[in-house]
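Pasted below: query_24.csv, CSV, C-alpha atoms and all ligand atoms.
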```
chain,number,residue,atom,x,y,z
Q,25,MET,CA,-15.5,-31.3,-47.1
Q,26,ARG,CA,-17.1,-27.9,-47.4
Q,27,GLY,CA,-20.0,-29.1,-45.2
Q,28,ASN,CA,-17.5,-30.2,-42.5
Q,29,LEU,CA,-15.8,-26.8,-42.6
Q,30,GLY,CA,-19.1,-25.0,-42.4
Q,31,ARG,CA,-20.1,-27.1,-39.4
Q,32,ALA,CA,-16.8,-26.5,-37.7
Q,33,LEU,CA,-17.0,-22.8,-38.3
Q,34,SER,CA,-20.5,-22.4,-37.0
Q,35,ALA,CA,-19.7,-24.6,-34.0
Q,36,SER,CA,-16.7,-22.4,-33.3
Q,37,ILE,CA,-18.8,-19.2,-33.8
Q,38,GLY,CA,-21.5,-20.7,-31.5
Q,39,LYS,CA,-18.9,-21.2,-28.8
Q,40,LYS,CA,-17.7,-17.6,-29.1
Q,41,ALA,CA,-21.2,-16.3,-29.0
Q,42,TRP,CA,-21.9,-18.2,-25.8
Q,43,MET,CA,-18.6,-16.9,-24.4
Q,44,ALA,CA,-19.6,-13.3,-25.3
Q,45,ILE,CA,-23.1,-13.7,-23.7
Q,46,SER,CA,-21.8,-15.4,-20.5
Q,47,GLY,CA,-19.0,-12.8,-20.3
Q,48,LEU,CA,-21.5,-9.9,-20.6
Q,49,LEU,CA,-23.7,-11.5,-17.9
Q,50,LEU,CA,-20.7,-11.9,-15.6
Q,51,VAL,CA,-19.9,-8.2,-16.1
Q,52,GLY,CA,-23.5,-7.5,-14.9
Q,53,PHE,CA,-22.7,-9.5,-11.7
Q,54,LEU,CA,-19.4,-7.6,-11.3
Q,55,CYS,CA,-21.2,-4.2,-11.5
Q,56,ALA,CA,-23.7,-5.3,-8.8
Q,57,HIS,CA,-20.9,-6.8,-6.7
Q,58,LEU,CA,-18.8,-3.6,-6.9
Q,59,ALA,CA,-21.8,-1.4,-6.0
Q,60,GLY,CA,-22.6,-3.6,-2.9
Q,61,ASN,CA,-18.9,-3.7,-1.9
Q,62,LEU,CA,-18.8,0.1,-1.9
Q,63,LEU,CA,-21.0,0.0,1.2
Q,64,LEU,CA,-17.7,-0.9,3.0
Q,65,PHE,CA,-16.6,2.7,2.7
Q,66,ILE,CA,-19.9,4.2,4.0
Q,67,ASP,CA,-19.2,3.9,7.7
Q,68,GLN,CA,-16.4,3.0,10.1
Q,69,ASP,CA,-18.0,0.2,12.0
Q,70,GLY,CA,-19.0,-1.8,8.8
Q,71,SER,CA,-22.7,-2.0,9.8
Q,72,ALA,CA,-23.9,-1.0,6.3
Q,73,PHE,CA,-21.7,-3.6,4.6
Q,74,ASN,CA,-22.6,-6.3,7.2
Q,75,ALA,CA,-26.3,-5.6,6.9
Q,76,TYR,CA,-26.0,-6.0,3.1
Q,77,ALA,CA,-23.9,-9.3,3.5
Q,78,GLU,CA,-26.5,-10.6,5.9
Q,79,ALA,CA,-29.4,-9.7,3.6
Q,80,LEU,CA,-27.7,-11.5,0.7
Q,81,SER,CA,-26.8,-14.7,2.7
Q,82,SER,CA,-30.3,-15.0,4.1
Q,83,ASN,CA,-32.1,-14.4,0.8
Q,84,PRO,CA,-34.0,-17.6,-0.2
Q,85,LEU,CA,-33.1,-16.9,-3.8
Q,86,LEU,CA,-29.4,-17.0,-3.1
Q,87,PRO,CA,-28.8,-20.7,-3.9
Q,88,ALA,CA,-30.5,-20.3,-7.3
Q,89,ALA,CA,-28.6,-17.1,-8.1
Q,90,GLU,CA,-25.3,-18.8,-7.1
Q,91,LEU,CA,-26.1,-21.8,-9.3
Q,92,VAL,CA,-26.6,-19.5,-12.3
Q,93,LEU,CA,-23.4,-17.6,-11.4
Q,94,ALA,CA,-21.4,-20.8,-11.1
Q,95,THR,CA,-22.8,-22.1,-14.4
Q,96,LEU,CA,-21.8,-18.8,-16.1
Q,97,PHE,CA,-18.3,-18.9,-14.7
Q,98,ILE,CA,-17.7,-22.6,-15.6
Q,99,ALA,CA,-19.3,-22.2,-19.1
Q,100,HIS,CA,-17.2,-19.1,-19.8
Q,101,ILE,CA,-13.9,-20.7,-18.6
Q,102,ALA,CA,-14.6,-24.1,-20.4
Q,103,LEU,CA,-15.5,-22.3,-23.7
Q,104,GLY,CA,-12.5,-20.0,-23.4
Q,105,LEU,CA,-10.1,-23.0,-23.0
Q,106,LYS,CA,-11.8,-24.8,-25.9
Q,107,VAL,CA,-11.8,-21.8,-28.3
Q,108,SER,CA,-8.2,-21.0,-27.5
Q,109,SER,CA,-7.0,-24.6,-28.1
Q,110,GLN,CA,-9.0,-24.6,-31.4
Q,111,ASN,CA,-7.3,-21.3,-32.4
Q,112,ARG,CA,-3.9,-22.9,-31.5
Q,113,ASP,CA,-4.6,-25.9,-33.7
Q,114,ALA,CA,-5.8,-23.7,-36.6
Q,115,ARG,CA,-2.6,-21.6,-36.3
Q,116,LYS,CA,-0.4,-24.7,-36.6
Q,117,VAL,CA,-2.1,-25.6,-39.9
Q,118,ARG,CA,-1.8,-22.0,-41.2
Q,119,TYR,CA,1.9,-21.8,-40.2
Q,120,ARG,CA,2.7,-24.7,-42.4
Q,121,VAL,CA,1.3,-22.7,-45.4
Q,122,SER,CA,2.8,-19.3,-44.4
Q,123,ALA,CA,4.9,-18.6,-41.3
Q,124,ASN,CA,4.0,-14.9,-41.5
Q,125,HIS,CA,0.3,-14.8,-41.5
Q,126,GLY,CA,-2.4,-15.1,-38.9
Q,127,GLY,CA,-0.4,-14.6,-35.7
Q,128,ARG,CA,-1.9,-14.0,-32.4
Q,129,THR,CA,-2.7,-10.5,-31.4
Q,130,PRO,CA,-1.3,-9.2,-28.1
Q,131,GLY,CA,-5.0,-8.9,-27.0
Q,132,SER,CA,-6.0,-12.5,-27.5
Q,133,ALA,CA,-2.7,-13.7,-26.1
Q,134,THR,CA,-3.3,-11.9,-22.8
Q,135,MET,CA,-6.9,-13.0,-22.6
Q,136,LEU,CA,-5.8,-16.5,-21.8
Q,137,VAL,CA,-3.2,-15.5,-19.3
Q,138,THR,CA,-5.4,-13.0,-17.5
Q,139,GLY,CA,-8.3,-15.5,-17.6
Q,140,VAL,CA,-6.2,-18.1,-15.8
Q,141,LEU,CA,-5.0,-15.4,-13.3
Q,142,ILE,CA,-8.7,-14.4,-12.6
Q,143,LEU,CA,-9.6,-18.1,-12.0
Q,144,VAL,CA,-6.8,-18.5,-9.5
Q,145,PHE,CA,-7.9,-15.2,-7.8
Q,146,LEU,CA,-11.5,-16.3,-7.8
Q,147,VAL,CA,-10.7,-19.6,-6.0
Q,148,ILE,CA,-8.6,-17.7,-3.4
Q,149,HIS,CA,-11.4,-15.1,-3.0
Q,150,LEU,CA,-14.2,-17.7,-2.5
Q,151,LEU,CA,-12.0,-19.5,0.1
Q,152,ASP,CA,-11.4,-16.2,1.8
Q,153,PHE,CA,-15.0,-15.0,2.1
Q,154,ARG,CA,-17.5,-17.5,0.8
Q,155,LEU,CA,-16.3,-20.8,2.1
Q,156,ASP,CA,-14.8,-19.6,5.4
Q,157,ASP,CA,-17.4,-19.8,8.2
Q,158,SER,CA,-15.3,-17.9,10.7
Q,159,THR,CA,-15.9,-14.7,8.8
Q,160,HIS,CA,-19.7,-14.8,9.4
Q,161,GLY,CA,-21.1,-12.1,11.7
Q,162,ASP,CA,-18.6,-9.4,10.9
Q,163,MET,CA,-17.8,-9.7,7.2
Q,164,ALA,CA,-16.6,-6.1,7.0
Q,165,ALA,CA,-13.9,-6.8,9.6
Q,166,ALA,CA,-12.9,-9.9,7.7
Q,167,VAL,CA,-12.6,-8.0,4.4
Q,168,ARG,CA,-10.6,-5.2,6.1
Q,169,LYS,CA,-8.3,-7.6,7.8
Q,170,ARG,CA,-7.6,-9.7,4.6
Q,171,LEU,CA,-7.2,-6.9,2.1
Q,172,GLY,CA,-5.4,-4.7,4.7
Q,173,SER,CA,-2.5,-7.2,5.1
Q,174,GLY,CA,0.5,-7.1,2.7
Q,175,SER,CA,-0.1,-10.5,1.2
Q,176,GLY,CA,-3.9,-9.9,0.8
Q,177,ALA,CA,-3.3,-6.5,-0.8
Q,178,TRP,CA,-0.9,-8.0,-3.4
Q,179,THR,CA,-3.1,-11.0,-4.1
Q,180,TYR,CA,-6.1,-8.9,-4.7
Q,181,GLY,CA,-4.1,-6.2,-6.5
Q,182,ILE,CA,-2.7,-8.7,-9.0
Q,183,GLY,CA,-6.0,-10.6,-9.5
Q,184,ILE,CA,-7.9,-7.3,-10.1
Q,185,ALA,CA,-5.3,-5.9,-12.4
Q,186,ALA,CA,-5.7,-9.1,-14.5
Q,187,LEU,CA,-9.5,-8.6,-14.4
Q,188,GLY,CA,-9.2,-5.0,-15.6
Q,189,LEU,CA,-6.9,-6.0,-18.5
Q,190,HIS,CA,-9.2,-8.9,-19.4
Q,191,LEU,CA,-12.3,-6.7,-19.5
Q,192,SER,CA,-10.6,-4.0,-21.4
Q,193,HIS,CA,-10.1,-6.4,-24.3
Q,194,ALA,CA,-13.3,-8.4,-23.8
Q,195,PHE,CA,-16.0,-5.9,-24.7
Q,196,ALA,CA,-15.0,-5.0,-28.2
Q,197,SER,CA,-14.5,-8.7,-28.9
Q,198,ALA,CA,-17.9,-9.7,-27.4
Q,199,PHE,CA,-19.7,-7.0,-29.4
Q,200,GLN,CA,-17.9,-8.1,-32.6
Q,201,THR,CA,-18.7,-11.7,-32.0
Q,202,LEU,CA,-22.4,-10.9,-31.5
Q,203,GLY,CA,-22.4,-8.8,-34.6
Q,204,LEU,CA,-23.1,-5.6,-32.7
Q,205,ASN,CA,-20.4,-3.7,-34.4
Q,206,HIS,CA,-20.5,-1.1,-37.2
Q,207,PRO,CA,-17.6,0.6,-38.9
Q,208,LYS,CA,-19.0,4.0,-37.9
Q,209,TYR,CA,-19.1,3.1,-34.2
Q,210,ASP,CA,-16.1,0.7,-33.9
Q,211,ASN,CA,-13.9,3.3,-32.3
Q,212,ALA,CA,-16.6,4.3,-29.8
Q,213,ILE,CA,-17.3,0.6,-28.9
Q,214,GLN,CA,-13.5,0.0,-28.4
Q,215,LEU,CA,-13.3,3.1,-26.2
Q,216,ALA,CA,-16.5,2.2,-24.2
Q,217,GLY,CA,-15.1,-1.4,-23.7
Q,218,LYS,CA,-11.8,-0.1,-22.4
Q,219,GLY,CA,-13.6,2.5,-20.2
Q,220,ILE,CA,-15.8,-0.2,-18.6
Q,221,GLY,CA,-12.7,-2.4,-18.0
Q,222,VAL,CA,-10.9,0.6,-16.4
Q,223,VAL,CA,-13.9,1.7,-14.2
Q,224,LEU,CA,-14.5,-1.9,-12.9
Q,225,GLY,CA,-10.7,-2.5,-12.6
Q,226,LEU,CA,-10.0,0.7,-10.7
Q,227,GLY,CA,-13.2,0.4,-8.7
Q,228,PHE,CA,-12.2,-3.1,-7.3
Q,229,LEU,CA,-8.6,-2.0,-7.1
Q,230,ALA,CA,-9.6,0.8,-4.7
Q,231,PHE,CA,-10.3,-1.9,-2.0
Q,232,PRO,CA,-6.9,-3.4,-1.5
Q,233,VAL,CA,-5.2,0.0,-2.0
Q,234,ILE,CA,-7.4,1.9,0.5
Q,235,LEU,CA,-7.6,-0.9,3.0
Q,236,TYR,CA,-3.9,-1.6,2.9
Q,237,PHE,CA,-2.9,2.1,3.3
Q,238,SER,CA,-5.5,2.7,6.1
Q,239,SER,CA,-4.6,-0.5,8.0
Q,240,GLY,CA,-1.3,0.8,9.3
Q,241,ALA,CA,0.5,-2.2,7.7
Q,242,ALA,CA,2.0,0.1,5.0
Q,301,LIG,C1,-11.6,-6.3,-4.1
Q,301,LIG,C2,-12.9,-6.1,-4.0
Q,301,LIG,C3,-13.8,-7.3,-3.6
Q,301,LIG,C4,-14.3,-7.4,-2.3
Q,301,LIG,C5,-14.1,-6.5,-1.1
Q,301,LIG,C6,-15.2,-8.6,-2.4
Q,301,LIG,C7,-15.9,-9.1,-1.3
Q,301,LIG,C8,-16.7,-10.2,-1.3
Q,301,LIG,C9,-17.4,-10.8,-0.2
Q,301,LIG,C10,-17.4,-10.2,1.2
Q,301,LIG,C11,-18.0,-11.9,-0.6
Q,301,LIG,C12,-18.9,-12.9,0.2
Q,301,LIG,C13,-20.3,-12.4,0.3
Q,301,LIG,C14,-21.1,-13.3,1.2
Q,301,LIG,O1,-21.0,-14.5,1.3
Q,301,LIG,O2,-21.9,-12.7,2.0
Q,301,LIG,C15,-17.7,-12.1,-2.0
Q,301,LIG,C16,-18.2,-13.1,-2.8
Q,301,LIG,C17,-17.9,-13.2,-4.2
Q,301,LIG,N1,-17.1,-12.5,-4.9
Q,301,LIG,FE1,-16.1,-10.8,-4.3
Q,301,LIG,N2,-15.1,-9.1,-3.7
Q,301,LIG,C18,-14.3,-8.4,-4.4
Q,301,LIG,C19,-13.9,-8.6,-5.7
Q,301,LIG,C20,-14.4,-9.6,-6.5
Q,301,LIG,C21,-14.0,-9.8,-7.9
Q,301,LIG,C22,-13.0,-9.0,-8.7
Q,301,LIG,C23,-14.7,-10.9,-8.3
Q,301,LIG,C24,-14.7,-11.6,-9.7
Q,301,LIG,C25,-13.7,-11.8,-10.5
Q,301,LIG,C26,-15.5,-11.4,-7.2
Q,301,LIG,C27,-16.3,-12.5,-7.3
Q,301,LIG,C28,-17.1,-13.0,-6.2
Q,301,LIG,C29,-17.9,-14.1,-6.3
Q,301,LIG,C30,-18.2,-15.0,-7.5
Q,301,LIG,C31,-18.5,-14.3,-5.0
Q,301,LIG,C32,-19.5,-15.4,-4.5
Q,301,LIG,C33,-20.9,-14.8,-4.6
Q,301,LIG,C34,-21.9,-15.7,-3.9
Q,301,LIG,O3,-21.7,-16.9,-3.8
Q,301,LIG,O4,-22.9,-15.2,-3.5
Q,301,LIG,N3,-15.3,-10.6,-6.2
Q,301,LIG,N4,-16.9,-11.0,-2.4
```
In C-alpha cells, how does this file's structure come out?
Amino acid sequence: MRGNLGRALSASIGKKAWMAISGLLLVGFLCAHLAGNLLLFIDQDGSAFNAYAEALSSNPLLPAAELVLATLFIAHIALGLKVSSQNRDARKVRYRVSANHGGRTPGSATMLVTGVLILVFLVIHLLDFRLDDSTHGDMAAAVRKRLGSGSGAWTYGIGIAALGLHLSHAFASAFQTLGLNHPKYDNAIQLAGKGIGVVLGLGFLAFPVILYFSSGAA
C-alpha cells in the first residue's frame, strides 16, 4: 500500500518536474521570439523584420528546432492536463474526509484556464503566420495588418494577457517543483517570477496595442 503511494507520488512529482523543465525551456523560446519580433519596430518598411523572418525560414536547422518546440508544447500541455486531473481526483478523496482542507489556490485554478486560452491563441497564431502561405514575402505587412485590425488586436490582447498571468504564477511554482527554493529567497523568487511574466506579457502586448492604434482602425 505504502509502496503504491510512494510510486504514485514520485510519478506525480516526475510529471511536475517535466512540466517545470518544459515550461522553463518554452520561456527561453518566448524571450528569443519577443527579441526577434521587436525588429518590427525598427523601421517603417519592415525590411529588418522580413530579413529576420526570411533567415529563420531558410535556416536548415528550422525543422529540427520546430520539432523540439512542438514536443515541448505538447509535453507541457499533456502533462498539465494530467497533473490537474490527478489533483482533482485527490481533492475529491480529501473532501470526503474534510470539506475545509486542501482547496485549490486561485493561482493553480487560473493556470488551467489561462493554459487553455494560450493553447487556443497558439492555434490561431500558427494559422495566421506559420501555416498561411499568402503571408510569405512580406511578413511584416501581414503582422501589421492582422494585429492592426480590431478583431486581431482583441484576439492577441486576450491571448497574451492569459500568457502574462500564466507566467506570473508559473515561475515560483517551477522553481519550487525543481527544489530551487529556499526560505531566505522565496520572496525574491516570487517577485522575479512575477517580473518575468510581466515583462514578457507587456512586451508581447505592445504589439497589438501599438499596431492597432497606429493602423488608423482605432
Ligand atoms: C504579439 C506578438 C507576436 C508576434 C508579432 C508574433 C509573430 C510571429 C510570426 C511572424 C511568426 C512566423 C515566423 C515565420 O514563420 O517566419 C510566429 C511564429 C510563432 N509564434 Fe509568434 N508572435 C507573437 C507572439 C507569440 C506568443 C505570445 C507565442 C506563444 C504563446 C508565440 C508562439 C509562436 C510559435 C510557436 C511560432 C512558430 C515558430 C516556428 O514554427 O518556427 N508567438 N510568430
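Each of Q:Ser238, Q:Ser81, Q:Ser192, Q:Ser197 was checked against Val222 (chain Q) using only C-alpha atoms; the smallest atom-to-atom distance is that of Q:Ser192.
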One decimal, in Å: what's the spacing between CA of Ala216 (chain Q) and atom O3 of ligand LIG 301 (chain Q)?
28.4 Å
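Of the residues under consideration (Q:Gly47, Q:Pro207, Q:Gly38, Q:Gly176), Q:Gly47 shows the shortest atom-to-atom contact distance to Leu191 (chain Q) when counting all atoms listed in the file.
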Could you give me, as JSON lines, a per-residue list for region 124-192 of chain Q showing, wherever an atom lies at most 12 Å from an atom of region 88-95 of chain Q, the closest pair of atoms and their distance in Å to one decimal, using only C-alpha atoms and sorting by chain then residue number from low to high?
```
{"residue": "Q:Leu146", "atom": "CA", "partner": "Q:Ala94", "partner_atom": "CA", "distance": 11.4}
{"residue": "Q:Val147", "atom": "CA", "partner": "Q:Ala94", "partner_atom": "CA", "distance": 11.9}
{"residue": "Q:Leu150", "atom": "CA", "partner": "Q:Ala94", "partner_atom": "CA", "distance": 11.6}
{"residue": "Q:Arg154", "atom": "CA", "partner": "Q:Glu90", "partner_atom": "CA", "distance": 11.2}
```
Taking into account all atoms listed in the file, which residue in the set Q:Phe231, Q:Phe65, Q:Phe199, Q:Phe97 is nearest to ligand LIG 301 (chain Q)?
Q:Phe231
At a cut-off of 10 Å, using all atoms listed in the file, what residues contact Val233 (chain Q)? Leave out same-chain residues fewer than 4 positions from it and give the result as a PyMOL selection string.
chain Q and resi 171-172+177-178+180-181+226+228-229+237-238
Create the file for the chosen residues now, containing C-alpha atoms and written as a compact mmCIF listing (two decimals), in the coordinates of the input.
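That gives us again-v1.txt:
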```txt
# COMPACT_ATOMS: atom_id res chain seq x y z
CA LEU Q 171 -7.20 -6.90 2.10
CA GLY Q 172 -5.40 -4.70 4.70
CA ALA Q 177 -3.30 -6.50 -0.80
CA TRP Q 178 -0.90 -8.00 -3.40
CA TYR Q 180 -6.10 -8.90 -4.70
CA GLY Q 181 -4.10 -6.20 -6.50
CA LEU Q 226 -10.00 0.70 -10.70
CA PHE Q 228 -12.20 -3.10 -7.30
CA LEU Q 229 -8.60 -2.00 -7.10
CA PHE Q 237 -2.90 2.10 3.30
CA SER Q 238 -5.50 2.70 6.10
```
Counting all atoms listed in the file, find residues at most 12 Å from (-12.4, -16.1, -7.8) (file frame) and give them as an NGL selection string.
:Q and (54 or 93-94 or 97-98 or 101 or 139-155 or 179-180 or 183-184 or 186-187)
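Residue nearest ligand LIG 301 (chain Q), chosen from Q:Asp210, Q:Asp162, Q:Glu78, Q:Asp157 and counting only C-alpha atoms and all ligand atoms: Q:Glu78.
Between CA of Leu235 (chain Q) and CA of Gly174 (chain Q) there is a distance of 10.2 Å.
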To one decimal in Å, tell me the separation between atom C28 of ligand LIG 301 (chain Q) and CA of Phe53 (chain Q).
8.6 Å
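Distances here use only C-alpha atoms and all ligand atoms; by that measure, the residue among Q:Ala198, Q:Leu215, Q:Leu189, Q:Ala41 closest to ligand LIG 301 (chain Q) is Q:Leu189.
Compared by their closest atoms to ligand LIG 301 (chain Q), and using all atoms listed in the file, the residues Q:Leu204, Q:Leu85, Q:Ala72, Q:Val167 rank with Q:Val167 nearest.
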Repaired coordinates for region 147-177 of chain Q (N, CA and C atoms) as an mmCIF file, keeping the file's coordinate frame:
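Once everything was written out, this is rebuild-v3.cif:
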```
data_model
loop_
_atom_site.group_PDB
_atom_site.id
_atom_site.type_symbol
_atom_site.label_atom_id
_atom_site.label_comp_id
_atom_site.auth_asym_id
_atom_site.auth_seq_id
_atom_site.Cartn_x
_atom_site.Cartn_y
_atom_site.Cartn_z
ATOM 1 N N VAL Q 147 -10.704 -18.500 -6.943
ATOM 2 C CA VAL Q 147 -10.700 -19.600 -6.000
ATOM 3 C C VAL Q 147 -10.203 -19.097 -4.616
ATOM 4 N N ILE Q 148 -9.127 -18.276 -4.616
ATOM 5 C CA ILE Q 148 -8.600 -17.700 -3.400
ATOM 6 C C ILE Q 148 -9.718 -16.863 -2.693
ATOM 7 N N HIS Q 149 -10.388 -16.042 -3.528
ATOM 8 C CA HIS Q 149 -11.400 -15.100 -3.000
ATOM 9 C C HIS Q 149 -12.586 -15.880 -2.384
ATOM 10 N N LEU Q 150 -13.028 -16.955 -3.041
ATOM 11 C CA LEU Q 150 -14.200 -17.700 -2.500
ATOM 12 C C LEU Q 150 -13.725 -18.430 -1.205
ATOM 13 N N LEU Q 151 -12.464 -18.919 -1.164
ATOM 14 C CA LEU Q 151 -12.000 -19.500 0.100
ATOM 15 C C LEU Q 151 -11.913 -18.506 1.196
ATOM 16 N N ASP Q 152 -11.549 -17.261 0.842
ATOM 17 C CA ASP Q 152 -11.400 -16.200 1.800
ATOM 18 C C ASP Q 152 -12.789 -15.848 2.473
ATOM 19 N N PHE Q 153 -13.801 -15.612 1.604
ATOM 20 C CA PHE Q 153 -15.000 -15.000 2.100
ATOM 21 C C PHE Q 153 -16.298 -15.821 1.959
ATOM 22 N N ARG Q 154 -16.300 -16.737 0.999
ATOM 23 C CA ARG Q 154 -17.500 -17.500 0.800
ATOM 24 C C ARG Q 154 -17.543 -18.803 1.507
ATOM 25 N N LEU Q 155 -16.376 -19.424 1.583
ATOM 26 C CA LEU Q 155 -16.300 -20.800 2.100
ATOM 27 C C LEU Q 155 -15.710 -20.822 3.536
ATOM 28 N N ASP Q 156 -15.394 -19.630 4.076
ATOM 29 C CA ASP Q 156 -14.800 -19.600 5.400
ATOM 30 C C ASP Q 156 -15.848 -19.146 6.427
ATOM 31 N N ASP Q 157 -16.353 -20.095 7.218
ATOM 32 C CA ASP Q 157 -17.400 -19.800 8.200
ATOM 33 C C ASP Q 157 -17.022 -18.804 9.240
ATOM 34 N N SER Q 158 -15.726 -18.764 9.545
ATOM 35 C CA SER Q 158 -15.300 -17.900 10.700
ATOM 36 C C SER Q 158 -15.480 -16.433 10.363
ATOM 37 N N THR Q 159 -15.738 -16.075 9.088
ATOM 38 C CA THR Q 159 -15.900 -14.700 8.800
ATOM 39 C C THR Q 159 -17.361 -14.206 9.038
ATOM 40 N N HIS Q 160 -18.262 -15.147 9.236
ATOM 41 C CA HIS Q 160 -19.700 -14.800 9.400
ATOM 42 C C HIS Q 160 -19.910 -13.969 10.653
ATOM 43 N N GLY Q 161 -20.818 -13.011 10.516
ATOM 44 C CA GLY Q 161 -21.100 -12.100 11.700
ATOM 45 C C GLY Q 161 -20.514 -10.768 11.390
ATOM 46 N N ASP Q 162 -19.195 -10.700 11.169
ATOM 47 C CA ASP Q 162 -18.600 -9.400 10.900
ATOM 48 C C ASP Q 162 -17.754 -9.513 9.574
ATOM 49 N N MET Q 163 -18.478 -9.561 8.458
ATOM 50 C CA MET Q 163 -17.800 -9.700 7.200
ATOM 51 C C MET Q 163 -16.930 -8.490 6.861
ATOM 52 N N ALA Q 164 -17.404 -7.297 7.283
ATOM 53 C CA ALA Q 164 -16.600 -6.100 7.000
ATOM 54 C C ALA Q 164 -15.248 -6.169 7.657
ATOM 55 N N ALA Q 165 -15.200 -6.649 8.897
ATOM 56 C CA ALA Q 165 -13.900 -6.800 9.600
ATOM 57 C C ALA Q 165 -13.030 -7.793 8.884
ATOM 58 N N ALA Q 166 -13.646 -8.895 8.409
ATOM 59 C CA ALA Q 166 -12.900 -9.900 7.700
ATOM 60 C C ALA Q 166 -12.259 -9.391 6.431
ATOM 61 N N VAL Q 167 -13.064 -8.601 5.681
ATOM 62 C CA VAL Q 167 -12.600 -8.000 4.400
ATOM 63 C C VAL Q 167 -11.425 -7.039 4.736
ATOM 64 N N ARG Q 168 -11.650 -6.188 5.753
ATOM 65 C CA ARG Q 168 -10.600 -5.200 6.100
ATOM 66 C C ARG Q 168 -9.321 -5.865 6.509
ATOM 67 N N LYS Q 169 -9.454 -6.965 7.290
ATOM 68 C CA LYS Q 169 -8.300 -7.600 7.800
ATOM 69 C C LYS Q 169 -7.487 -8.298 6.611
ATOM 70 N N ARG Q 170 -8.229 -8.996 5.739
ATOM 71 C CA ARG Q 170 -7.600 -9.700 4.600
ATOM 72 C C ARG Q 170 -6.941 -8.771 3.619
ATOM 73 N N LEU Q 171 -7.709 -7.779 3.169
ATOM 74 C CA LEU Q 171 -7.200 -6.900 2.100
ATOM 75 C C LEU Q 171 -6.229 -5.833 2.726
ATOM 76 N N GLY Q 172 -6.272 -5.661 4.059
ATOM 77 C CA GLY Q 172 -5.400 -4.700 4.700
ATOM 78 C C GLY Q 172 -4.001 -5.270 4.965
ATOM 79 N N SER Q 173 -3.853 -6.609 4.840
ATOM 80 C CA SER Q 173 -2.500 -7.200 5.100
ATOM 81 C C SER Q 173 -1.718 -7.123 3.772
ATOM 82 N N GLY Q 174 -0.395 -7.169 3.898
ATOM 83 C CA GLY Q 174 0.500 -7.100 2.700
ATOM 84 C C GLY Q 174 0.164 -8.163 1.698
ATOM 85 N N SER Q 175 0.077 -9.416 2.152
ATOM 86 C CA SER Q 175 -0.100 -10.500 1.200
ATOM 87 C C SER Q 175 -1.508 -10.430 0.559
ATOM 88 N N GLY Q 176 -2.516 -10.020 1.349
ATOM 89 C CA GLY Q 176 -3.900 -9.900 0.800
ATOM 90 C C GLY Q 176 -3.934 -8.779 -0.233
ATOM 91 N N ALA Q 177 -3.288 -7.640 0.079
ATOM 92 C CA ALA Q 177 -3.300 -6.500 -0.800
ATOM 93 C C ALA Q 177 -2.672 -6.880 -2.181
#
```
